[in-house]
$ cat target.pdb   # PDB, C-alpha atoms, pLDDT in the B column
MODEL        1
ATOM      1  CA  MET A   3     -34.906  72.441 251.104  1.00 74.00           C
ATOM      2  CA  ARG A   4     -32.098  74.814 252.024  1.00 91.00           C
ATOM      3  CA  ARG A   5     -32.138  76.403 255.459  1.00 96.00           C
ATOM      4  CA  THR A   6     -32.069  80.147 254.814  1.00 97.00           C
ATOM      5  CA  THR A   7     -33.594  83.104 256.591  1.00 96.00           C
ATOM      6  CA  LYS A   8     -35.398  85.553 254.294  1.00 96.00           C
ATOM      7  CA  TYR A   9     -35.144  89.315 254.780  1.00 96.00           C
ATOM      8  CA  PRO A  10     -37.558  91.322 252.615  1.00 96.00           C
ATOM      9  CA  VAL A  11     -36.527  94.689 251.160  1.00 95.00           C
ATOM     10  CA  SER A  12     -38.526  97.440 249.522  1.00 94.00           C
ATOM     11  CA  GLY A  13     -37.593  99.831 246.765  1.00 92.00           C
ATOM     12  CA  ALA A  14     -34.447  98.972 244.831  1.00 94.00           C
ATOM     13  CA  ASN A  15     -33.263  95.366 244.639  1.00 95.00           C
ATOM     14  CA  SER A  16     -31.511  93.911 247.685  1.00 95.00           C
ATOM     15  CA  LEU A  17     -27.990  94.011 246.215  1.00 94.00           C
ATOM     16  CA  TRP A  18     -28.364  97.722 245.476  1.00 95.00           C
ATOM     17  CA  GLN A  19     -29.001  98.104 249.228  1.00 94.00           C
ATOM     18  CA  VAL A  20     -26.122  95.819 250.262  1.00 94.00           C
ATOM     19  CA  TYR A  21     -24.520  98.199 252.769  1.00 94.00           C
ATOM     20  CA  LYS A  22     -27.796  98.439 254.670  1.00 93.00           C
ATOM     21  CA  THR A  23     -27.436  94.687 255.296  1.00 92.00           C
ATOM     22  CA  VAL A  24     -23.687  94.390 255.971  1.00 96.00           C
ATOM     23  CA  SER A  25     -21.025  96.927 256.880  1.00 96.00           C
ATOM     24  CA  PHE A  26     -18.815  98.232 254.065  1.00 97.00           C
ATOM     25  CA  TRP A  27     -15.773  97.947 256.354  1.00 98.00           C
ATOM     26  CA  LYS A  28     -16.561  94.325 257.198  1.00 98.00           C
ATOM     27  CA  VAL A  29     -16.787  93.473 253.500  1.00 97.00           C
ATOM     28  CA  PHE A  30     -13.598  95.426 252.747  1.00 98.00           C
ATOM     29  CA  LYS A  31     -11.669  93.579 255.482  1.00 98.00           C
ATOM     30  CA  ASN A  32     -13.082  90.217 254.353  1.00 98.00           C
ATOM     31  CA  VAL A  33     -12.097  90.861 250.719  1.00 98.00           C
ATOM     32  CA  VAL A  34      -8.512  91.701 251.708  1.00 98.00           C
ATOM     33  CA  ILE A  35      -8.166  88.592 253.918  1.00 98.00           C
ATOM     34  CA  ILE A  36      -9.810  86.307 251.342  1.00 98.00           C
ATOM     35  CA  GLN A  37      -7.614  87.584 248.519  1.00 97.00           C
ATOM     36  CA  ILE A  38      -4.513  86.926 250.613  1.00 97.00           C
ATOM     37  CA  GLY A  39      -5.853  83.481 251.523  1.00 97.00           C
ATOM     38  CA  ARG A  40      -6.792  82.540 247.969  1.00 97.00           C
ATOM     39  CA  TYR A  41      -3.170  82.913 246.864  1.00 97.00           C
ATOM     40  CA  THR A  42      -1.511  81.561 250.012  1.00 95.00           C
ATOM     41  CA  PRO A  43       0.054  78.134 249.372  1.00 93.00           C
ATOM     42  CA  PHE A  44       0.408  77.361 253.100  1.00 95.00           C
ATOM     43  CA  MET A  45      -2.655  75.555 254.505  1.00 96.00           C
ATOM     44  CA  ARG A  46      -1.909  76.355 258.155  1.00 96.00           C
ATOM     45  CA  LEU A  47      -1.522  80.063 257.401  1.00 97.00           C
ATOM     46  CA  LYS A  48      -4.671  80.158 255.256  1.00 97.00           C
ATOM     47  CA  ASN A  49      -6.729  78.364 257.925  1.00 98.00           C
ATOM     48  CA  TRP A  50      -5.335  80.678 260.629  1.00 98.00           C
ATOM     49  CA  LEU A  51      -6.231  83.768 258.586  1.00 98.00           C
ATOM     50  CA  TYR A  52      -9.777  82.519 257.970  1.00 98.00           C
ATOM     51  CA  ARG A  53     -10.336  81.398 261.569  1.00 98.00           C
ATOM     52  CA  THR A  54      -8.855  84.541 263.111  1.00 98.00           C
ATOM     53  CA  PHE A  55     -10.120  87.325 260.860  1.00 98.00           C
ATOM     54  CA  LEU A  56     -13.219  85.846 259.205  1.00 98.00           C
ATOM     55  CA  HIS A  57     -14.424  83.748 262.157  1.00 98.00           C
ATOM     56  CA  MET A  58     -14.896  80.682 259.960  1.00 98.00           C
ATOM     57  CA  GLU A  59     -14.839  77.311 261.695  1.00 98.00           C
ATOM     58  CA  ILE A  60     -12.279  75.118 259.943  1.00 98.00           C
ATOM     59  CA  GLY A  61     -11.288  71.707 261.309  1.00 98.00           C
ATOM     60  CA  GLU A  62      -7.765  70.412 261.725  1.00 98.00           C
ATOM     61  CA  LYS A  63      -5.956  69.198 258.599  1.00 98.00           C
ATOM     62  CA  THR A  64      -8.616  70.679 256.309  1.00 98.00           C
ATOM     63  CA  ALA A  65      -7.221  71.999 253.035  1.00 98.00           C
ATOM     64  CA  LEU A  66      -8.743  74.833 251.037  1.00 98.00           C
ATOM     65  CA  ALA A  67      -7.073  74.685 247.630  1.00 97.00           C
ATOM     66  CA  PHE A  68      -5.741  77.571 245.575  1.00 97.00           C
ATOM     67  CA  MET A  69      -8.409  80.152 244.652  1.00 97.00           C
ATOM     68  CA  VAL A  70     -11.202  78.823 246.909  1.00 98.00           C
ATOM     69  CA  MET A  71     -13.675  81.687 247.406  1.00 98.00           C
ATOM     70  CA  PRO A  72     -15.479  81.811 250.772  1.00 98.00           C
ATOM     71  CA  ASP A  73     -18.429  84.152 251.160  1.00 98.00           C
ATOM     72  CA  ILE A  74     -17.150  87.744 251.337  1.00 97.00           C
ATOM     73  CA  MET A  75     -20.091  89.130 253.289  1.00 97.00           C
ATOM     74  CA  PHE A  76     -20.869  86.431 255.854  1.00 98.00           C
ATOM     75  CA  PRO A  77     -17.899  84.025 256.084  1.00 98.00           C
ATOM     76  CA  GLU A  78     -18.657  83.412 259.753  1.00 98.00           C
ATOM     77  CA  LYS A  79     -21.634  81.326 258.588  1.00 98.00           C
ATOM     78  CA  ILE A  80     -19.280  78.702 257.079  1.00 98.00           C
ATOM     79  CA  LYS A  81     -18.230  75.649 259.094  1.00 98.00           C
ATOM     80  CA  ILE A  82     -15.896  73.015 257.624  1.00 98.00           C
ATOM     81  CA  GLY A  83     -15.034  69.821 259.508  1.00 98.00           C
ATOM     82  CA  ARG A  84     -11.665  68.144 259.938  1.00 98.00           C
ATOM     83  CA  ASN A  85      -9.506  66.552 257.243  1.00 98.00           C
ATOM     84  CA  SER A  86     -11.664  67.814 254.366  1.00 98.00           C
ATOM     85  CA  ILE A  87     -10.546  69.020 250.944  1.00 98.00           C
ATOM     86  CA  ILE A  88     -12.167  71.978 249.204  1.00 98.00           C
ATOM     87  CA  GLY A  89     -11.070  71.923 245.556  1.00 97.00           C
ATOM     88  CA  TYR A  90      -9.597  74.601 243.335  1.00 98.00           C
ATOM     89  CA  ASN A  91     -11.779  77.636 242.615  1.00 98.00           C
ATOM     90  CA  THR A  92     -14.745  76.398 244.649  1.00 98.00           C
ATOM     91  CA  THR A  93     -17.190  79.088 245.838  1.00 98.00           C
ATOM     92  CA  ILE A  94     -18.920  78.760 249.208  1.00 98.00           C
ATOM     93  CA  LEU A  95     -21.861  81.157 249.577  1.00 98.00           C
ATOM     94  CA  ALA A  96     -23.716  81.994 252.783  1.00 98.00           C
ATOM     95  CA  HIS A  97     -25.879  84.720 251.219  1.00 97.00           C
ATOM     96  CA  GLU A  98     -27.985  85.355 248.159  1.00 96.00           C
ATOM     97  CA  TYR A  99     -29.344  88.724 247.114  1.00 96.00           C
ATOM     98  CA  LEU A 100     -32.605  88.655 245.138  1.00 96.00           C
ATOM     99  CA  ILE A 101     -34.914  91.358 243.800  1.00 95.00           C
ATOM    100  CA  ASP A 102     -37.342  91.595 246.746  1.00 96.00           C
ATOM    101  CA  GLU A 103     -35.292  89.961 249.497  1.00 96.00           C
ATOM    102  CA  TYR A 104     -31.951  88.652 250.571  1.00 96.00           C
ATOM    103  CA  ARG A 105     -31.321  85.314 252.254  1.00 97.00           C
ATOM    104  CA  LEU A 106     -28.699  84.103 254.694  1.00 98.00           C
ATOM    105  CA  GLY A 107     -27.927  80.518 255.607  1.00 98.00           C
ATOM    106  CA  ASP A 108     -25.224  78.563 257.380  1.00 98.00           C
ATOM    107  CA  VAL A 109     -23.099  76.209 255.301  1.00 98.00           C
ATOM    108  CA  ILE A 110     -21.941  73.131 257.179  1.00 98.00           C
ATOM    109  CA  ILE A 111     -19.396  70.821 255.567  1.00 98.00           C
ATOM    110  CA  GLY A 112     -18.646  67.649 257.525  1.00 98.00           C
ATOM    111  CA  ASP A 113     -15.492  65.732 258.320  1.00 98.00           C
ATOM    112  CA  GLU A 114     -13.435  64.057 255.581  1.00 98.00           C
ATOM    113  CA  VAL A 115     -15.474  65.610 252.788  1.00 98.00           C
ATOM    114  CA  MET A 116     -14.007  66.035 249.326  1.00 98.00           C
ATOM    115  CA  ILE A 117     -15.328  68.836 247.130  1.00 98.00           C
ATOM    116  CA  GLY A 118     -14.087  68.883 243.545  1.00 98.00           C
ATOM    117  CA  ALA A 119     -12.747  71.890 241.669  1.00 98.00           C
ATOM    118  CA  ASN A 120     -15.031  74.654 240.413  1.00 98.00           C
ATOM    119  CA  SER A 121     -17.986  73.632 242.564  1.00 98.00           C
ATOM    120  CA  THR A 122     -20.463  76.112 244.015  1.00 98.00           C
ATOM    121  CA  ILE A 123     -22.052  75.574 247.409  1.00 98.00           C
ATOM    122  CA  LEU A 124     -25.218  77.590 248.001  1.00 98.00           C
ATOM    123  CA  PRO A 125     -26.347  78.972 251.364  1.00 98.00           C
ATOM    124  CA  GLY A 126     -28.204  76.836 253.869  1.00 98.00           C
ATOM    125  CA  VAL A 127     -26.854  73.406 252.896  1.00 98.00           C
ATOM    126  CA  VAL A 128     -25.266  70.642 254.942  1.00 98.00           C
ATOM    127  CA  ILE A 129     -22.741  68.284 253.373  1.00 98.00           C
ATOM    128  CA  GLY A 130     -22.430  65.148 255.488  1.00 97.00           C
ATOM    129  CA  ASP A 131     -19.276  63.398 256.678  1.00 98.00           C
ATOM    130  CA  ARG A 132     -17.227  61.534 254.035  1.00 98.00           C
ATOM    131  CA  ALA A 133     -19.371  62.861 251.180  1.00 98.00           C
ATOM    132  CA  ILE A 134     -17.831  63.463 247.769  1.00 98.00           C
ATOM    133  CA  VAL A 135     -18.906  66.349 245.538  1.00 98.00           C
ATOM    134  CA  ALA A 136     -17.710  65.994 241.933  1.00 98.00           C
ATOM    135  CA  ALA A 137     -15.957  68.854 240.163  1.00 98.00           C
ATOM    136  CA  GLY A 138     -18.270  71.517 238.775  1.00 98.00           C
ATOM    137  CA  THR A 139     -21.238  70.588 240.951  1.00 98.00           C
ATOM    138  CA  VAL A 140     -23.754  73.182 242.154  1.00 98.00           C
ATOM    139  CA  VAL A 141     -24.723  72.043 245.654  1.00 98.00           C
ATOM    140  CA  HIS A 142     -28.278  73.342 246.017  1.00 97.00           C
ATOM    141  CA  LYS A 143     -29.530  70.933 248.677  1.00 97.00           C
ATOM    142  CA  ASP A 144     -28.179  68.784 251.495  1.00 97.00           C
ATOM    143  CA  VAL A 145     -25.753  65.959 250.716  1.00 97.00           C
ATOM    144  CA  PRO A 146     -26.131  62.899 252.965  1.00 97.00           C
ATOM    145  CA  PRO A 147     -23.089  61.431 254.721  1.00 97.00           C
ATOM    146  CA  GLY A 148     -21.136  59.083 252.450  1.00 97.00           C
ATOM    147  CA  ALA A 149     -22.913  60.229 249.274  1.00 97.00           C
ATOM    148  CA  PHE A 150     -21.263  60.894 245.930  1.00 97.00           C
ATOM    149  CA  VAL A 151     -23.027  63.742 244.090  1.00 98.00           C
ATOM    150  CA  ALA A 152     -22.366  65.420 240.761  1.00 98.00           C
ATOM    151  CA  GLY A 153     -23.746  67.822 238.188  1.00 96.00           C
ATOM    152  CA  ASN A 154     -25.917  70.837 237.689  1.00 94.00           C
ATOM    153  CA  PRO A 155     -28.534  70.228 238.821  1.00 91.00           C
ATOM    154  CA  MET A 156     -26.843  68.125 241.474  1.00 96.00           C
ATOM    155  CA  ARG A 157     -27.808  64.465 241.433  1.00 96.00           C
ATOM    156  CA  MET A 158     -26.949  61.537 243.646  1.00 95.00           C
ATOM    157  CA  VAL A 159     -24.504  59.219 241.855  1.00 93.00           C
ATOM    158  CA  TYR A 160     -24.327  56.660 244.647  1.00 92.00           C
ATOM    159  CA  MET A 161     -24.407  56.171 248.409  1.00 89.00           C
ATOM    160  CA  ARG A 162     -21.489  54.518 250.127  1.00 80.00           C
ATOM    161  CA  GLU A 163     -22.646  51.330 251.811  1.00 69.00           C
ATOM    162  CA  GLU A 164     -21.643  50.967 255.415  1.00 53.00           C
ATOM    163  CA  THR A 165     -19.155  48.131 255.149  1.00 43.00           C
ATOM    164  CA  GLU A 166     -17.465  48.269 258.561  1.00 49.00           C
ATOM    165  CA  ASP A 167     -19.926  45.793 260.079  1.00 48.00           C
ATOM    166  CA  THR A 168     -20.093  43.291 257.254  1.00 44.00           C
ATOM    167  CA  PRO A 169     -18.483  39.866 257.857  1.00 49.00           C
ATOM    168  CA  GLN A 170     -15.949  40.136 255.013  1.00 48.00           C
ATOM    169  CA  ASN A 171     -14.459  43.276 256.584  1.00 46.00           C
ATOM    170  CA  LYS A 172     -13.862  41.826 260.046  1.00 47.00           C
TER
ENDMDL
END

$ encode --input "target.pdb" --output "structure tokens"
Amino acid sequence: MRRTTKYPVSGANSLWQVYKTVSFWKVFKNVVIIQIGRYTPFMRLKNWLYRTFLHMEIGEKTALAFMVMPDIMFPEKIKIGRNSIIGYNTTILAHEYLIDEYRLGDVIIGDEVMIGANSTILPGVVIGDRAIVAAGTVVHKDVPPGAFVAGNPMRMVYMREETEDTPQNK
């Protein structure tokens, strides 16, 4: 189950009422910064922009590839660990607007995680350390540390066995 907080709305659908839930100027600023970042080929500059202006937590040596799309409304709800790779054109959402409600949820991506190109990460999920998400996957629930997941719907392909303590690796 994803960890999201639900906010009911009445009248028109929640997206129609978007600027009652988030400031227009915040979204405008976020869009400008994200568009610059999406096309920036310099990882340090991109991470600095996202940390400084969007208040995202991004670990050292983490690489967000060309065209990665962080949430434009609530990027501060995204935390990415160190030495991770977020693949080309991946979307990371921290919100979802529905007919009768909108939902917000933190997205936590661990250390040394690899997310393949064109994946979508939904709000309220945790991706554990050293997990691998195959290209094109829709991450709709938590991914355990060391897991390899793929598909839509996302399925577990395998779990990495802890091999550091086995006799053949000493």

$ closest_atom_pairs --input "target.pdb" --of "range 102-165 of chain A" --to "range 61-77 of chain A" --cutoff "12 Å" --atoms "only C-alpha atoms" --output "Markdown table"
| residue | atom | partner | partner_atom | distance |
| --- | --- | --- | --- | --- |
| A:Arg105 | CA | A:Phe76 | CA | 11.1 |
| A:Leu106 | CA | A:Phe76 | CA | 8.3 |
| A:Gly107 | CA | A:Phe76 | CA | 9.2 |
| A:Asp108 | CA | A:Phe76 | CA | 9.1 |
| A:Val109 | CA | A:Pro77 | CA | 9.4 |
| A:Ile110 | CA | A:Gly61 | CA | 11.5 |
| A:Ile111 | CA | A:Gly61 | CA | 10.0 |
| A:Gly112 | CA | A:Gly61 | CA | 9.2 |
| A:Asp113 | CA | A:Gly61 | CA | 7.9 |
| A:Glu114 | CA | A:Thr64 | CA | 8.2 |
| A:Val115 | CA | A:Thr64 | CA | 9.2 |
| A:Met116 | CA | A:Ala65 | CA | 9.8 |
| A:Ile117 | CA | A:Leu66 | CA | 9.7 |
| A:Gly118 | CA | A:Ala67 | CA | 10.0 |
| A:Ala119 | CA | A:Ala67 | CA | 8.7 |
| A:Asn120 | CA | A:Val70 | CA | 8.6 |
| A:Ser121 | CA | A:Val70 | CA | 9.6 |
| A:Thr122 | CA | A:Met71 | CA | 9.4 |
| A:Ile123 | CA | A:Pro72 | CA | 9.7 |
| A:Leu124 | CA | A:Asp73 | CA | 10.0 |
| A:Pro125 | CA | A:Asp73 | CA | 9.5 |

$ atom_distance --input "target.pdb" --atom1 "CA of Asp131 in chain A" --atom2 "CA of Ile38 in chain A"
28.4 Å

$ residues_around --input "target.pdb" --residues "range 138-141 of chain A" --least-positions-apart "2" --cutoff "12 Å" --atoms "only C-alpha atoms" --output "PyMOL selection string"
chain A and resi 3-4+89-95+109-111+116-129+133-136+143-146+150-159

$ resolve_selection --input "target.pdb" --expression "the PyMOL selection byres ((chain A and resi 9) around 7)" --output "PyMOL selection string"
chain A and resi 7-8+10-11+103-105

$ atom_distance --input "target.pdb" --atom1 "CA of His57 in chain A" --atom2 "CA of Glu78 in chain A"
4.9 Å

$ closest_residue --input "target.pdb" --among "A:Ala137, A:Ile82, A:Met58, A:Leu100" --to "Asn32 in chain A" --atoms "all atoms listed in the file"
A:Met58

$ resolve_selection --input "target.pdb" --expression "the PyMOL selection byres ((chain A and resi 148) around 6)" --output "ChimeraX atom specification"
/A:132-133,147,149,161-162

$ atom_distance --input "target.pdb" --atom1 "CA of Glu98 in chain A" --atom2 "CA of Tyr160 in chain A"
29.1 Å

$ axis_aligned_box --input "target.pdb" --around "range 12-16 of chain A" --padding-each-side "8 Å" --output "AutoDock Vina command-line options"
--center_x -35.0 --center_y 96.9 --center_z 247.1 --size_x 23.0 --size_y 21.9 --size_z 20.9

$ closest_residue --input "target.pdb" --among "A:Trp18, A:Ala96, A:Thr6, A:Phe55" --to "Lys79 in chain A" --atoms "all atoms listed in the file"
A:Ala96

$ closest_residue --input "target.pdb" --among "A:Lys81, A:His97, A:Arg53, A:His142" --to "Val20 in chain A" --atoms "all atoms listed in the file"
A:His97

$ closest_residue --input "target.pdb" --among "A:Ser16, A:Tyr41, A:Leu51, A:Leu56" --to "Lys28 in chain A" --atoms "only C-alpha atoms"
A:Leu56
